[in-house]
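As structure tokens, the structure follows; a few thoughts come after it.
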Amino acid sequence: MDINKRTILWIVFAVSLFVLWNNWQISNGHPSMFAPQPAQTAKGPEAKKSDVPAAAVAGAAAAVPGAGAAAADAAPFKAERITITTDVVRADIDTQGGVIRRLELLKYKENSHPGWFGGCFGLFKFCQPGDQSQNVVLFDVDAGTGKTYLARTGLIGAGAPNHNTGFVAKPGPRMLTDGNQVQLVLEAESGGVKLTKTFTFKRGDYVVDVRHDVTNTGTVPVSPQLYLQLAHDGNKPAGDSFFNSSYTGPTLYTDEKHYEKLKFETLEKEAQEAVKTGKPMLQDHATKADNGWIAISQHFFVSAFVPQPKLMHEIETTKIDTNVYGISIKQPLGTIAPGATVTNDAKLFSGPQENALLEPVSPGFVLVRDYGWLAMIAKPMFWVIEHIHGVLGNWGWTIIAFTILIKLLFFPLSAAGYRSMAKVKLVTPKMQAIRERYKGDPAKMNQATMELYKAEKINPLGGCLPILVQMPVFISLYYVLQSAVEIRGAPWMGWITDLAQHDPYAILPVLYAISMFITTKLNPAPADPMQAKMMLFMPLMFSVMFFFFPSGLVLYWVVNNVLSIAQQYVISKKFGAVEPVKA
């Protein structure tokens with residue numbers, strides 16, 4: 001029994017360290033050890049170099065393939081920024097290229113201040129507090145912080161308008177008032193092609209309809225390609241920490257390969273290898289489809305282009321500039337005769353990762369809400385939590401109610417485990433006698449111990465099984481609380497003003513340590529002194545870890561421990577009435 005308990009204890013300890021090491025890897029830009037490695041599908045020498053205009057991410061004009069010498073003689077274009085405001089977003093669109101330069105989410109504030117505790121752990125990059133009076137900004141370019149996050153579109157073709165071309169804005173309303181939508185129409189003509197971009201913003205919606213009308217104003221047929229590109233810097237987001245790391249990077253979805261996550265570090269290595277070999281960058285992902293989407297995912301938020309469906313397109317990743325990377329869709333528009341017009345309808349989503357908002361956008365889009373390797377448990381878990389919240393209306397009380405529900409679900413298993421531990425406590429004198437008798441012969445000691453278990457009808461794994469079963473639930477809830485933007489900024493009571501952030505005064509971790517100490521004292525004391533010390537050390541270790549975890553997760557574990565103490569006390573009192581078996 002003692003050897004088996006010691007082994008299981010070491011396994012639980014090792015798994016905890018393994019999960020911590022995995023989070024450390026993620027926070028330092030390495031891939032998760034639980035994430036599947038994508039298949040290597042290197043392109044052959046015939047692969048073409050990207051012809052999407054990629055330079056000048058900060059706004060300067062770039063050399064565009066196929067542009068004629070007349071462009072150099074043209075008068076300088078005076079760009080302006082047009083601000084479109086709805087009830088949920090405020091977007092700045094630059095007429096230089098028709099690029100969305102800035103997008104502000106009006107319903108979401110920056111993270112709250114971490115309190116005195118967060119300031120004590122700046123060494124861990126624990127929490128870089130945001131200004132709670134400021135809204136969350138997705139698209140933006142800031143030379144001071146190195147931030148580059150842009151959504152841009154254009155045409156590939158000889159002299160055709162692209163994201164560096166000057167556009168003229170048509171007059172119209174710039175703010176959503178009484179209607180349900182507001183539009184911005186931009187026009188540009190060059191190289192015998194006229195491009196009209198129409199951005200449609202709707203009330204209560206984070207989806208922007210992006211329509212491209214391409215007209216051949218020349219005398220010969222043209223065959224341009226439309227590109228949709230998201231550009232982002234390779235920096236870690238503010239607030240990313242050792243114990244609270246999140247994924248930021250390009251993602252995409254196709255019916256063939258489903259959801260794929262890419263790394264900025266991988267794109268940098270592929271770019272360096274392309275420079276060394278003189279070959280195009282390795283496109284280690286799905287490259288062709290007539291469905292799906294591309295995105296830049298980050299903690300709680302996502303921006304994605306959804307191209308016109310049932311129209312074949314190419315997917316391409318590239319290094320745009322120093323520490324700036326892009327993921328693009330290139331969609332052929334076919335041959336356009338002189339005087340003819342082709343229309344292409346795409347969608348741009350830029351907003352929070354709420355299930356209700358993601359599902360209508362495109363098939364598979366809900367996968368950006370990444371629950372990790374335990375998604376099959378986490379998804380139904382959040383479904384239950386969401387329905388409980390619909391009744392209670394407070395996420396803190398929802399977590400408590402969910403904890404009670406989980407405890408009731410596991411009650412038969414937990415009760416069996418406690419009864420098993422209580423039986424072990426009753427036969428402790430016999431076990432000590434066996435150790436004394438066979439202390440020089442471990443094999444006979446184990447054999448006699450197992451015979452004692454059999455005679456007393458004790459399951460050696462009975463006490464540890466409830467812990468092992470609850471570990472996946474605990475880890476799944478961790479992923480749920482990490483990914484649920486609904487809980488971001490949600491208060492519980494008193495000092496807990498954001499369940500997605502750590503406890504600012506470490507009250508919940510201290511309560512957890514106390515509850516774990518009481519739980520340990522109620523359990524039968526291990527005969528092995530080293531094992532007994534470890535049983536006392538583990539609550540302290542987990543308490544230190546919980547200083548950095550979301551307070552909603554710690555709340556779950558504190559309530560779980562309190563319920564366990566009550567349950568264990570009742571069962572211990574019941575079995576404590578039986579006189580221990582004498583040696």
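Identifiers for the structure tokens are assigned positionally: chains receive A, B, ... in sequence, residues are indexed from 1 per chain, and ligands are indexed from 1 in the order shown.
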* Write out as a ChimeraX atom specification which residues come within 7 Å of Thr341 of chain A when counting only C-alpha atoms, dropping same-chain ones fewer than 5 positions away. => /A:213-216,336
* Among segment 238-409 of chain A, which residues carry a DSSP assignment of helix (DSSP H, G or I), reported as a ChimeraX atom specification? -> /A:264-277,355-358,365-368,372-392,395-409
* Would you kindly return, as a PyMOL selection string, each protein, DNA or RNA residue with an atom no farther than 12 Å from any atom of Glu270 of chain A, considering only C-alpha atoms and excluding same-chain residues fewer than 2 positions away? => chain A and resi 42+262-268+272-284+317-319+325
Could you please take those selected residues and save N, CA and C atoms as a PDB file, in the first residue's frame?
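Final output, selection_0.pdb:
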```pdb
ATOM      1  N   ALA A  42       6.851  20.508 -47.621  1.00  0.00           N
ATOM      2  CA  ALA A  42       7.704  21.496 -48.275  1.00  0.00           C
ATOM      3  C   ALA A  42       7.318  21.677 -49.721  1.00  0.00           C
ATOM      4  N   LEU A 262      -0.011  28.450 -36.063  1.00  0.00           N
ATOM      5  CA  LEU A 262       1.351  28.700 -36.517  1.00  0.00           C
ATOM      6  C   LEU A 262       2.073  29.556 -35.477  1.00  0.00           C
ATOM      7  N   LYS A 263       3.388  29.585 -35.574  1.00  0.00           N
ATOM      8  CA  LYS A 263       4.205  30.340 -34.620  1.00  0.00           C
ATOM      9  C   LYS A 263       4.989  31.415 -35.359  1.00  0.00           C
ATOM     10  N   PHE A 264       5.065  32.595 -34.752  1.00  0.00           N
ATOM     11  CA  PHE A 264       5.900  33.646 -35.328  1.00  0.00           C
ATOM     12  C   PHE A 264       7.368  33.201 -35.382  1.00  0.00           C
ATOM     13  N   GLU A 265       7.805  32.457 -34.364  1.00  0.00           N
ATOM     14  CA  GLU A 265       9.178  31.985 -34.337  1.00  0.00           C
ATOM     15  C   GLU A 265       9.457  31.049 -35.516  1.00  0.00           C
ATOM     16  N   THR A 266       8.455  30.215 -35.843  1.00  0.00           N
ATOM     17  CA  THR A 266       8.614  29.305 -36.975  1.00  0.00           C
ATOM     18  C   THR A 266       8.698  30.079 -38.286  1.00  0.00           C
ATOM     19  N   LEU A 267       7.876  31.106 -38.435  1.00  0.00           N
ATOM     20  CA  LEU A 267       7.919  31.917 -39.656  1.00  0.00           C
ATOM     21  C   LEU A 267       9.267  32.615 -39.782  1.00  0.00           C
ATOM     22  N   GLU A 268       9.835  33.060 -38.668  1.00  0.00           N
ATOM     23  CA  GLU A 268      11.149  33.709 -38.702  1.00  0.00           C
ATOM     24  C   GLU A 268      12.232  32.724 -39.153  1.00  0.00           C
ATOM     25  N   GLN A 272      14.521  32.945 -42.553  1.00  0.00           N
ATOM     26  CA  GLN A 272      15.981  32.893 -42.551  1.00  0.00           C
ATOM     27  C   GLN A 272      16.492  31.764 -43.446  1.00  0.00           C
ATOM     28  N   GLU A 273      15.811  30.640 -43.420  1.00  0.00           N
ATOM     29  CA  GLU A 273      16.212  29.524 -44.271  1.00  0.00           C
ATOM     30  C   GLU A 273      16.002  29.863 -45.744  1.00  0.00           C
ATOM     31  N   ALA A 274      14.923  30.601 -46.045  1.00  0.00           N
ATOM     32  CA  ALA A 274      14.668  30.992 -47.432  1.00  0.00           C
ATOM     33  C   ALA A 274      15.769  31.925 -47.940  1.00  0.00           C
ATOM     34  N   VAL A 275      16.275  32.803 -47.061  1.00  0.00           N
ATOM     35  CA  VAL A 275      17.355  33.704 -47.455  1.00  0.00           C
ATOM     36  C   VAL A 275      18.631  32.915 -47.736  1.00  0.00           C
ATOM     37  N   LYS A 276      18.903  31.908 -46.907  1.00  0.00           N
ATOM     38  CA  LYS A 276      20.118  31.106 -47.086  1.00  0.00           C
ATOM     39  C   LYS A 276      20.077  30.286 -48.370  1.00  0.00           C
ATOM     40  N   THR A 277      18.918  29.686 -48.630  1.00  0.00           N
ATOM     41  CA  THR A 277      18.815  28.766 -49.772  1.00  0.00           C
ATOM     42  C   THR A 277      18.387  29.454 -51.054  1.00  0.00           C
ATOM     43  N   GLY A 278      17.832  30.666 -50.952  1.00  0.00           N
ATOM     44  CA  GLY A 278      17.330  31.342 -52.141  1.00  0.00           C
ATOM     45  C   GLY A 278      16.010  30.790 -52.628  1.00  0.00           C
ATOM     46  N   LYS A 279      15.345  29.967 -51.818  1.00  0.00           N
ATOM     47  CA  LYS A 279      14.054  29.382 -52.183  1.00  0.00           C
ATOM     48  C   LYS A 279      12.929  30.103 -51.429  1.00  0.00           C
ATOM     49  N   PRO A 280      11.690  29.974 -51.895  1.00  0.00           N
ATOM     50  CA  PRO A 280      10.562  30.600 -51.179  1.00  0.00           C
ATOM     51  C   PRO A 280      10.408  30.013 -49.780  1.00  0.00           C
ATOM     52  N   MET A 281       9.738  30.758 -48.923  1.00  0.00           N
ATOM     53  CA  MET A 281       9.475  30.277 -47.566  1.00  0.00           C
ATOM     54  C   MET A 281       8.658  28.994 -47.593  1.00  0.00           C
ATOM     55  N   LEU A 282       8.993  28.087 -46.706  1.00  0.00           N
ATOM     56  CA  LEU A 282       8.238  26.853 -46.561  1.00  0.00           C
ATOM     57  C   LEU A 282       6.843  27.161 -46.037  1.00  0.00           C
ATOM     58  N   GLN A 283       5.834  26.713 -46.738  1.00  0.00           N
ATOM     59  CA  GLN A 283       4.445  26.926 -46.333  1.00  0.00           C
ATOM     60  C   GLN A 283       3.964  25.658 -45.629  1.00  0.00           C
ATOM     61  N   ASP A 284       4.251  25.589 -44.325  1.00  0.00           N
ATOM     62  CA  ASP A 284       3.981  24.369 -43.560  1.00  0.00           C
ATOM     63  C   ASP A 284       2.554  24.388 -43.006  1.00  0.00           C
ATOM     64  N   THR A 317       1.869  32.407 -45.877  1.00  0.00           N
ATOM     65  CA  THR A 317       2.492  33.108 -44.761  1.00  0.00           C
ATOM     66  C   THR A 317       3.818  33.684 -45.238  1.00  0.00           C
ATOM     67  N   THR A 318       4.190  34.829 -44.659  1.00  0.00           N
ATOM     68  CA  THR A 318       5.400  35.495 -45.119  1.00  0.00           C
ATOM     69  C   THR A 318       5.958  36.373 -44.017  1.00  0.00           C
ATOM     70  N   LYS A 319       7.232  36.694 -44.123  1.00  0.00           N
ATOM     71  CA  LYS A 319       7.844  37.706 -43.270  1.00  0.00           C
ATOM     72  C   LYS A 319       7.806  39.018 -44.040  1.00  0.00           C
ATOM     73  N   TYR A 325       5.090  39.833 -39.474  1.00  0.00           N
ATOM     74  CA  TYR A 325       4.754  38.651 -40.262  1.00  0.00           C
ATOM     75  C   TYR A 325       3.313  38.769 -40.752  1.00  0.00           C
TER      76      TYR A 325
END
```
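Remark: for Glu486 of chain A, the closest of the candidate residues A:Thr251, A:Gln447, A:Asn355, A:Ser303 is A:Asn355 (distances computed over only C-alpha atoms).
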* To do: Quick one: everything within 8 Å of Thr254 of chain A, counting only C-alpha atoms, minus sequence neighbours fewer than 2 positions away in the same chain. Send it as a VMD selection string.
  => chain A and resid 252 256 to 259 286 289 291 to 293
